[in-house]
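Scroll down for the structure; my scribbles are underneath it.
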Amino acid sequence: MSLIKPSGRKGPVSGKAAGRRNNNNQIYAHALPIVFSHPPPTRVRSLLGLLGFSLTKVEVPQCQGIFDEATRSVWVSSRNDSTLLWRRGFFGKGDLSRSEPSWLERQINARQAGGKRLTSEEMTSKRRAERKQFKIDRARAIAAVAAEAEAAFANEGRVIVPALSGPSIPSAATWKPAPRPTEPPDTPEDLEHLQLTLPEAFFLMWNLNCLTVEDPLTNELMSIQQIWIAFQAAHLSPPLFVSPRSTPELQFDNPFLINYIVYHHYRSLGWVVRGGIKFCVDYMLYKRGPVFNHAEFSVVVCPVYEDPADQEASSIDLHHSSPFAWSWLSTINRVNTQVFKTLILAYVTIPARSRVSLDVLDSPACLQYYSVREVTVRRFIPARMRD
Amino acid sequence: MDDDLERPDAKPPTVTPEGDSLEDEDQGSDDEGDVVLDWAKLLPSTARPVIPRRGEKEFEPHPGGGSGLQVHVLERARNAMFDALKATRTISSKAVSYAIWHPDIARAHATVARGVMFTSIGHSVPRPVVTADGAQKLHKRLELLPEEALYLIERGSMLCWKETTLCLAGVDGLEEVSGSPMSAQQAFSDMIGTEDLTLERYQVYAYLKRLGYVVTRTAAPNSLYPTPPPFDLSPLNHKSASVFSRIRHTFSTCISKVLRIFTGRFDWWKPFRHSRWLLRDKNYGAVFRALRFIPAGHKVPLLPTKVESPSNPSPYHIFYNVYKPVTPFRKSEPCLPDYQIVVVNARTTPMPTLRELTDLFDISPELPPPLPRQRPLPGAPPSRPLSRSPKVSAGTTHAPEPLSLARRILLWFRPPPTSTTPARRPHPFMVIKAGKKTVIIAVVDAGSISFFRFGQGAFEEWAIF
Amino acid sequence: MASTEASVPRLHLRVANKKAYVWDVEDIATIRTKHRLCGVFTGTLPHMSQQNLFLGVPMVLLPEEVVLLVENELAVLVDDPNAHIQPSVPELQRWNAKEKELAQLRLAQLNAAIASLPAVLSEEAMQKRKERELKRQAAAAKAAEAAAEGSIFAPPENAPPPPPPPEPQYTVVIPASSISFEWYNDSACHYTTIQSAKEAGIWEYPSNLHERAKCGVFRGLWEQGMYMGGGIKFGGDYLVYPGDPLRYHAHFSATVLESPTFSLTPMEIVAHGRLGTVTKKSHLLCGWDDEKKEVSYLSIEWAGFG
Amino acid sequence: MQAHPSYPALAHVLPKYPRAAGSLFQAYNDIVLVQEWTDVKVLDLEGISRAAITGKKPKTDATSYVVPCSLAETLSFGWLTTAFTLLSDPPEIFLAITSDDASIVYYKLSRGIVKPQV
């Protein structure tokens, strides 16, 4: 159970919202794909419990995925598996949806007249269209008021300040959209998969043993050793569509390793870790998951070479591996404070080749030579810090 | 839930998350780059032209440089600004202070020091003087650093003479004149560039002084410059590591040693192995704990260890000690500062490296975790939140610790705290956001100053599970 | 363009420590209204010394603005420390005599006014101080010493009541600019080109490709009729306004890319696009071609879908 | 990927530009299946080693252009202007930025100084 209370928005929760939350508590009850199932209590069980033993079963699901080198990801096509991975720990993302795969559902909804049940994507596009219309209406009204003021000045020399608000200008609160026609029907066929990033897939396979990954070229299951190399290779050589994979030259600054370390670090602390492209960062950290709370933290991964010479010699252009300009920090910090996220710089040190032999890259044992530490960034406003 | 926010045109949520104050928001009115500066507000009300208020700037001028009305309104706005800029620096002869600027030592000797500003500006230095009988004697005098003198001059509180080679004593008509009078212009030209003072550092100094802060140098520019005692750099946890956490630590170490006998050494191909039988393994907390094997946190030594290159010194060193207006400050015996500030020029200096940040953290004290806001009781006077200055609270505040199961059980046996006020526990997210140590960097881009606070993260100490 | 401007006397920019200052309000007005450059106010505004929102002289020019003014033959650079020559004794005597005379004059005016001055200045009276020069001067003595903080328009706290004048009290003026000093002489130390100022060691911008690109882009935008301000807080090099920032919102934040091959990460486009949408600005990528000395622009906006 | 119904439409460019294959594939699927553009075509842009997507937004007649790129790439100003040139200088192009987690964002690039909409 969680020891950290969500920094959830306080305030009266409507009955409907509370119901949804209870529902979510059930749907998303498991923090990881593995589940501990407790047999009914018996006297033996209690006795064993007192002794520190238990008969609780550990259920480890076996989800299946297929490695896709071109998109540097693992695809989970089975609807059961993708639902399980999404609901138990928020792994992956529908490749045609914002989060959970819902493309098919949207297609079906579109066919049904009116589409009463709107998915979040549909809600969004509706809201967006409305907002656009509102802006057009408002701009028109503002222009009319300005022209009036201009005429008053030209004709009578009167200075009227064109008001940007008032009864004649529509406000966001009062403006109402005109009703929209409904969508025409369409033929649905599920073309969506749950896409796991390579760190997500490796985390599920390596730590939890709940995912198997198929090689698309041979249709055979890949061993964890093969996966370890293939995931690094996906960042090194261009994806090959026909010929078999060659053994790549492994290096310490492989983006898979850097990203995996950050991903694993925050996952191991219990955070739900998801991509942050929309907030122009690498990762977002959620306390329980995106259906429960907004993300608390935005993480920018900053790789740091122990030996600057390794950086110069490297063939890989790691973003953020050199200190960036203040204007860039200012940009990403502004984007994130606007949406109430705290920015985190997650520094990953890359072992120096002079210190550690490249051979260790053959196995995940190399991870012990890296380290991760974070620095939080916030604005400091002297006018507000005086007492 | 972030769906709404993910789109670029999303409006930020109107609710503020609990435990998160708006202070994190950088919508500070004095920090906006694109605010409307309504200079007309500075004019007496009767003379104020009718100009739209804040936030009512227009989108663009009409083609051809603006409509008749636009040109008219702009002209009035500009004139209000120019009128305000024309205000002269004047002061009563009873309140004005005087000093003599000595370029060779980059100090202004305050000969007449009037006003409350001097309770926190200037320091006393003995200098040799020749007495009437020709003997040399050490005389204490009040000296000002270049930023101190410049600030007093440009805010119109002090007239400064520049030391001259002329012999003015006894010259007719120059009885009160102790050198050549300095304009603010000359003070900027002559004083900046001395004693490590850059324009950027001066801008930060003046910015903070205008807000009422006391600002002093962190590194003493000479041996007689009073500096605060050194910080206590020992970690806070040491002092308050509870019996329980020590027991827990010993206990879990034992367990893992025993387990290692059964499971052998750590297998990097199978990092996580849960026991089929042990109760302690069968919950998510145990799973997550078992996964924490990648070195993490600022306690891990940073390699390579510090390399100081004298040819290319880091621009990241703490320059100013800053005291809040409410902090009792004694010029001759300064206490520990409330904040310490690094000043850099954004145009020439990139972000600090991890090494530079680590070096700054290494010389900064650990701060007690921020406490949640206390709502004042109705009728009670508003309580001033405890200064985050370590001097006040070091050692008195318990280090935060996730409430382990063992600890919670033990809490049943422990008598409740005798204190009448309920203990306020820090909110974990606030603790993580604040960081254990803080470095403040003032970034100056051609006169516009952004202050950033870098916190030494401690995620590894505040696991969700 | 330069030929028509050449007949107008050039502005004197006071350079010290490689920064260019403008001290004369008339010059500031010329730069703002005629040359459409904003600079950055850096000095404490007298009698408004407890806030940072409104600042006053000196105005520090962005180095790009300096380069533009000098290259367009609108200004010259003055080696300011060297223009301050040590005065002679007669010069000082004349200066002091004039000061005394002025002080006497102010004292007489003050005494005449004091009769009508209320015992304690109300807030309203404070606000009228600009209107009546003498009142303003009396209040100045108080404001200058008030250390307490208040809202920027509130009268200073802890202000002592105006003291009854037992002995003559007059007003001291601390001069802003040095131009009134007889001994200030910049005729021998001014530079009409950036190159000559660089050779004299008083100026160094632009000193590399990045700075050349910034100068080029700044000029490019200025020639389009735009006004520019520092943009670091909005995630760019400049904020770009369609008219005087006093009256118009910025349309863009702009980033300078110093060469066509200078690297640009997709994340930067996401960030600029995102920030621009929230702040109702577009983002301008300004690509500098140092060989052709040309700027080209790309505007970024959120696509509206996806 | 080869088994996906979209693959045949892209088969001539995916192996040709392996580095850009992932983002093209992802952007193509999003344009066709999520954004529901019509008359979607794939254009080979050899100069920037990838293919672009053209089509019409729903209920519009004008042709729009999408140039895909991956978040992990490093671009340049010249790269972006080359994209305009290779597409015969349309007034605007949409840059589709894809990430390994299957996220995609679109930003509109216009040549010259184009002020924001009111």
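Following the order of the structure tokens, first chain is A, next is B, and so on, with residues numbered from 1 inside each chain and ligands from 1 in the order they appear.
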
Requested in this report: Using only C-alpha atoms, find which residues of chain A lie within 7 Å of chain C and jot them down as a ChimeraX atom specification.
Outcome: /A:280,327-328,330-332,335

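Contact shell of D:Lys59 at 12 Å (only C-alpha atoms; same-chain neighbours under 6 positions omitted): Glu183 of chain A; Gln35, Glu36, Trp37, Thr38 and Asp39 of chain D.
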
Query raised in the report: At what distance in Å, to one decimal, does atom CA of A:Glu105 lie from atom CA of A:His193?
Result: 13.2 Å
